[in-house]
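Single-structure report; data block below.
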Number of protein chains: 2
Amino acid sequence: MTTIELMKERQSIRAFDTEAEMPEEDLQDIIEAAVQAPSSWNLQHWKFLAVTSDEKKQELLPIAYNQKQVVDSSATIAILGDLEANIHADAVYTDAVDAGKMTEDIKTQLVANIHAAYEREGFAKDEALINASLASMQLMLAAKEKGYDTVPMGGFDKAAFIEAFNVPERYVPVMLISVGRKTGEARKSKRFPVEDVLIKDSF
Amino acid sequence: MTTIELMKERQSIRAFDTEAEMPEEDLQDIIEAAVQAPSSWNLQHWKFLAVTSDEKKQELLPIAYNQKQVVDSSATIAILGDLEANIHADAVYTDAVDAGKMTEDIKTQLVANIHAAYEREGFAKDEALINASLASMQLMLAAKEKGYDTVPMGGFDKAAFIEAFNVPERYVPVMLISVGRKTGEARKSKRFPVEDVLIKDSF
């Protein structure tokens with residue numbers, strides 16, 4: 001199946017096989033694919049919290065407003081955006097210097113520019129949401145290719161989630177994605193036609 | 001090539017063949033694939049402004065801080081997030097009622113809930129950024145599959161962009177993505193290993 005076909009096949013599934021398990025290797029492969037997403041300055045503004053144990057799924061259930069896919073699926077992965085991804089700048093560009101692709105001086109200036117951008121009001125959060133979402137989409141497509149289905153959820157009690165899962169202040173919850181083996185087919189939801197969403201050259 | 005392989009092949013390209021053109025059909029196919037992304041309540045919080053004319057590319061160049069891919073690539077697509085995507089709720093759920101999947105009463109309640117959520121401080125912008133980013137990732141992968149390469153850009157003068165392209169207040173610029181035929185190979189950027197970004201069950 002081509003990637004574009006896979007995009008058209010993917011749909012949000014809420015009915016999962018409660019007996020199906022996801023081997024650790026599949027989880028690792030899916031996350032490894034997800035993190036191939038691009039990110040601003042390659043800062044990789046994402047963290048994945050995979051809720052797989054029965055105990056933690058039950059704890060998540062009311063936080064996710066009792067959406068039953070949280071307990072029925074094999075795992076629910078919380079995608080967290082990193083509000084302090086600028087901390088990664090030094091490590092990311094040290095690699096570039098070591099590879100001979102950047103001088104130490106250019107690196108120093110670039111890292112300073114990144115830290116300066118992070119001083120701007122609202123910048124860190126916007127970056128966290130955007131970049132973590134790019135990885136989220138790859139996660140859903142990678143899961144689909146490996147024979148799983150997914151459903152992303154924006155509706156959950158974020159404050160309760162942070163408390164229950166000891167999420168450090170550094171991270172903002174972006175979405176939950178349940179992953180598992182579907183039972184039955186969902187109704188394919190419609191999209192507005194391309195001519196409604198594409199503008200050429202200027203409004 | 002599998003989708004996961006495609007994710008690993010995709011890299012941000014800044015050197016494009018200035019002679020290459022993208023047929024309108026390819027642009028349409030790429031956008032059609034992009035909009036298959038999921039979105040909260042299927043509100044489809046995205047709009048795509050494809051800058052393809054030489055005149056508009058030149059106008060975009062300083063706004064994109066003179067990143068030359070803006071003029072060298074076949075098109076630069078601005079992804080805009082819709083701050084008023086709740087306006088779509090009625091149309092989206094009228095479809096569901098017509099398909100016999102939802103009662104009129106449930107639709108009325110759901111649409112009211114959506115409008116209420118949009119009253120919450122910051123909600124509309126977060127939703128616009130997250131959901132438009134999901135479509136952005138599909139856009140980059142779809143382009144790659146069709147033989148194009150891309151580079152997403154978060155660094156551009158958003159206020160100047162809004163003015164130059166007459167972007168209505170309803171939309172927030174999320175990113176620019178240049179699309180074209182690459183010349184030469186870029187250095188594949190590294191990612192942090194899975195064990196650095198994956199947490200099991202709780203922090």
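By order of appearance in the structure tokens: chains A, B, ..., then residues from 1 within every chain, and ligands from 1 in the order shown.
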Problem set entry | For Ile114 in chain B: contacts at 12 Å, only C-alpha atoms, fewer than 5 positions along chain excluded, given as JSON, numbers by chain | {"A": [155], "B": [40, 41, 42, 43, 84, 85, 86, 87, 88, 89, 90, 92, 93, 107, 108, 109, 119, 120, 123, 124, 127]}
Selection near Ala64 in chain B, 8 Å with only C-alpha atoms, sequence-local residues under 4 positions removed, as a compact mmCIF listing (two decimals) with N, CA and C atoms, in the first residue's frame:
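out-v8.txt written:
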# COMPACT_ATOMS: atom_id res chain seq x y z
N LEU B 60 7.34 36.80 -1.15
CA LEU B 60 7.48 35.97 0.05
C LEU B 60 8.93 35.92 0.55
N VAL B 70 12.45 29.38 -1.01
CA VAL B 70 11.14 29.98 -1.32
C VAL B 70 11.02 30.34 -2.80
N GLY B 155 10.36 29.75 10.86
CA GLY B 155 10.94 31.08 10.99
C GLY B 155 10.60 31.96 9.80
N PHE B 156 9.56 32.75 9.95
CA PHE B 156 9.22 33.77 8.94
C PHE B 156 8.43 34.86 9.66
N ASP B 157 8.32 36.01 9.02
CA ASP B 157 7.66 37.16 9.65
C ASP B 157 6.15 37.01 9.47
What residues in chain A lie within 7 Å of chain B, counting only C-alpha atoms, written as a tab-separated table (two decimals) with N, CA and C atoms, in the first residue's frame?
chain	number	residue	atom	x	y	z
A	2	THR	N	0.57	2.21	-0.84
A	2	THR	CA	1.37	3.44	-0.84
A	2	THR	C	1.03	4.27	0.40
A	3	THR	N	1.87	5.24	0.67
A	3	THR	CA	1.63	6.10	1.84
A	3	THR	C	0.34	6.89	1.68
A	4	ILE	N	0.09	7.36	0.47
A	4	ILE	CA	-1.15	8.13	0.25
A	4	ILE	C	-2.37	7.22	0.43
A	7	MET	N	-2.88	6.84	4.09
A	7	MET	CA	-3.53	8.04	4.67
A	7	MET	C	-5.05	7.97	4.47
A	8	LYS	N	-5.44	7.44	3.31
A	8	LYS	CA	-6.87	7.36	3.01
A	8	LYS	C	-7.54	6.20	3.75
A	28	GLN	N	8.28	0.17	20.08
A	28	GLN	CA	9.58	0.80	19.79
A	28	GLN	C	9.67	1.24	18.32
A	31	ILE	N	7.45	4.33	17.68
A	31	ILE	CA	8.03	5.57	18.22
A	31	ILE	C	9.25	5.98	17.39
A	32	GLU	N	10.03	4.99	17.00
A	32	GLU	CA	11.22	5.31	16.18
A	32	GLU	C	10.81	5.97	14.87
A	33	ALA	N	9.70	5.51	14.29
A	33	ALA	CA	9.20	6.14	13.06
A	33	ALA	C	8.68	7.54	13.35
A	35	VAL	N	9.55	9.72	15.55
A	35	VAL	CA	10.58	10.74	15.81
A	35	VAL	C	11.40	11.11	14.58
A	36	GLN	N	11.11	10.48	13.44
A	36	GLN	CA	11.74	10.92	12.20
A	36	GLN	C	11.09	12.19	11.67
A	40	SER	N	11.46	22.14	14.48
A	40	SER	CA	12.19	23.41	14.36
A	40	SER	C	13.59	23.24	14.94
A	47	LYS	N	7.84	13.98	23.69
A	47	LYS	CA	8.06	12.91	24.66
A	47	LYS	C	6.79	12.06	24.57
A	48	PHE	N	6.95	10.75	24.71
A	48	PHE	CA	5.82	9.83	24.54
A	48	PHE	C	5.65	9.04	25.84
A	49	LEU	N	4.47	9.14	26.42
A	49	LEU	CA	4.19	8.36	27.63
A	49	LEU	C	3.19	7.28	27.25
A	50	ALA	N	3.65	6.05	27.21
A	50	ALA	CA	2.81	4.93	26.76
A	50	ALA	C	2.16	4.27	27.98
A	51	VAL	N	0.84	4.38	28.04
A	51	VAL	CA	0.09	3.79	29.15
A	51	VAL	C	-0.37	2.41	28.72
A	52	THR	N	0.23	1.38	29.31
A	52	THR	CA	-0.03	0.01	28.85
A	52	THR	C	-0.51	-0.91	29.97
A	53	SER	N	-0.20	-0.59	31.21
A	53	SER	CA	-0.59	-1.51	32.29
A	53	SER	C	-2.08	-1.34	32.61
A	56	LYS	N	-2.72	1.45	35.18
A	56	LYS	CA	-2.60	2.83	34.70
A	56	LYS	C	-3.69	3.16	33.68
A	129	LEU	N	3.48	22.53	20.67
A	129	LEU	CA	2.26	21.96	20.07
A	129	LEU	C	2.48	21.56	18.61
A	130	ILE	N	3.10	22.46	17.85
A	130	ILE	CA	3.28	22.21	16.41
A	130	ILE	C	4.18	21.00	16.19
A	133	SER	N	2.92	17.65	17.29
A	133	SER	CA	1.84	17.18	16.42
A	133	SER	C	2.38	16.55	15.14
A	134	LEU	N	3.47	17.08	14.61
A	134	LEU	CA	4.08	16.45	13.43
A	134	LEU	C	4.46	15.00	13.76
A	137	MET	N	1.36	12.65	13.99
A	137	MET	CA	0.80	12.15	12.73
A	137	MET	C	1.63	10.98	12.23
A	142	ALA	N	2.50	5.21	11.19
A	142	ALA	CA	3.39	4.07	11.41
A	142	ALA	C	2.62	2.93	12.08
A	145	GLU	N	0.50	1.22	9.47
A	145	GLU	CA	1.28	0.35	8.59
A	145	GLU	C	1.62	-0.97	9.27
A	154	GLY	N	-8.20	14.79	21.78
A	154	GLY	CA	-7.81	16.08	22.36
A	154	GLY	C	-8.59	16.36	23.64
A	165	PHE	N	0.06	11.35	36.31
A	165	PHE	CA	1.22	10.71	35.67
A	165	PHE	C	2.54	11.44	35.97
A	166	ASN	N	2.47	12.32	36.98
A	166	ASN	CA	3.69	13.02	37.43
A	166	ASN	C	4.44	13.71	36.30
A	167	VAL	N	3.67	14.33	35.38
A	167	VAL	CA	4.30	14.97	34.23
A	167	VAL	C	5.04	16.23	34.70
A	191	ARG	N	-14.23	14.64	4.17
A	191	ARG	CA	-13.39	15.84	4.22
A	191	ARG	C	-13.95	16.87	3.26
A	194	VAL	N	-10.89	19.66	-1.90
A	194	VAL	CA	-9.65	20.45	-2.03
A	194	VAL	C	-9.95	21.90	-2.40
A	197	VAL	N	-10.26	24.32	0.44
A	197	VAL	CA	-9.17	24.55	1.40
A	197	VAL	C	-7.88	25.07	0.76
A	198	LEU	N	-7.84	25.09	-0.57
A	198	LEU	CA	-6.61	25.48	-1.27
A	198	LEU	C	-6.79	26.85	-1.92
A	199	ILE	N	-5.86	27.74	-1.60
A	199	ILE	CA	-5.87	29.09	-2.19
A	199	ILE	C	-4.58	29.24	-2.98
A	200	LYS	N	-4.68	29.83	-4.16
A	200	LYS	CA	-3.48	30.00	-4.98
A	200	LYS	C	-2.97	31.43	-4.89
A	201	ASP	N	-1.75	31.57	-4.42
A	201	ASP	CA	-0.96	32.81	-4.44
A	201	ASP	C	-1.39	33.92	-3.47
A	202	SER	N	-2.68	34.12	-3.28
A	202	SER	CA	-3.07	35.14	-2.30
A	202	SER	C	-4.56	35.05	-2.03
A	203	PHE	N	-4.97	35.41	-0.83
A	203	PHE	CA	-6.40	35.57	-0.56
A	203	PHE	C	-6.89	36.75	-1.37
Exercise. So which residues touch Thr150 in chain A within 7 Å, counting only C-alpha atoms, skipping near sequence neighbours fewer than 4 positions away, as a list in words?
Worked result: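 Contacts, with the query itself left out: Ser12, Ile13, Met140, Ile177, Ser178, Val179 and Gly180 of chain A.
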For this session: Can you list, as a count of residues only, all residues belonging to range 37-202 of chain A that DSSP tags as helix (DSSP H, G or I)?
Result: 79
Neighbours of Leu61 in chain B within 8 Å (only C-alpha atoms; same-chain residues fewer than 5 positions away dropped), as a compact mmCIF listing (two decimals) with N, CA and C atoms, in the first residue's frame?
# COMPACT_ATOMS: atom_id res chain seq x y z
N ASN B 66 14.65 35.65 3.53
CA ASN B 66 15.54 35.37 2.40
C ASN B 66 16.04 33.93 2.32
N GLN B 67 15.25 33.00 2.81
CA GLN B 67 15.59 31.59 2.63
C GLN B 67 15.30 31.24 1.16
N LYS B 68 16.37 30.91 0.43
CA LYS B 68 16.24 30.86 -1.03
C LYS B 68 15.35 29.74 -1.56
N VAL B 70 12.45 29.38 -1.01
CA VAL B 70 11.14 29.98 -1.32
C VAL B 70 11.02 30.34 -2.80
N VAL B 71 12.12 30.79 -3.39
CA VAL B 71 12.07 31.09 -4.84
C VAL B 71 12.55 29.91 -5.69
Apply DSSP to the structure's backbone, then extract all residues of range 121-153 of chain A labelled strand (DSSP E or B) and return them as a compact mmCIF listing (two decimals) with C-alpha atoms, in the first residue's frame.
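File selection.txt, as written:
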# COMPACT_ATOMS: atom_id res chain seq x y z
CA ASP A 149 -5.42 1.34 14.34
CA THR A 150 -5.51 4.52 16.34
CA VAL A 151 -7.69 7.30 17.63
CA PRO A 152 -6.32 10.68 18.64
CA MET A 153 -8.06 12.41 21.54
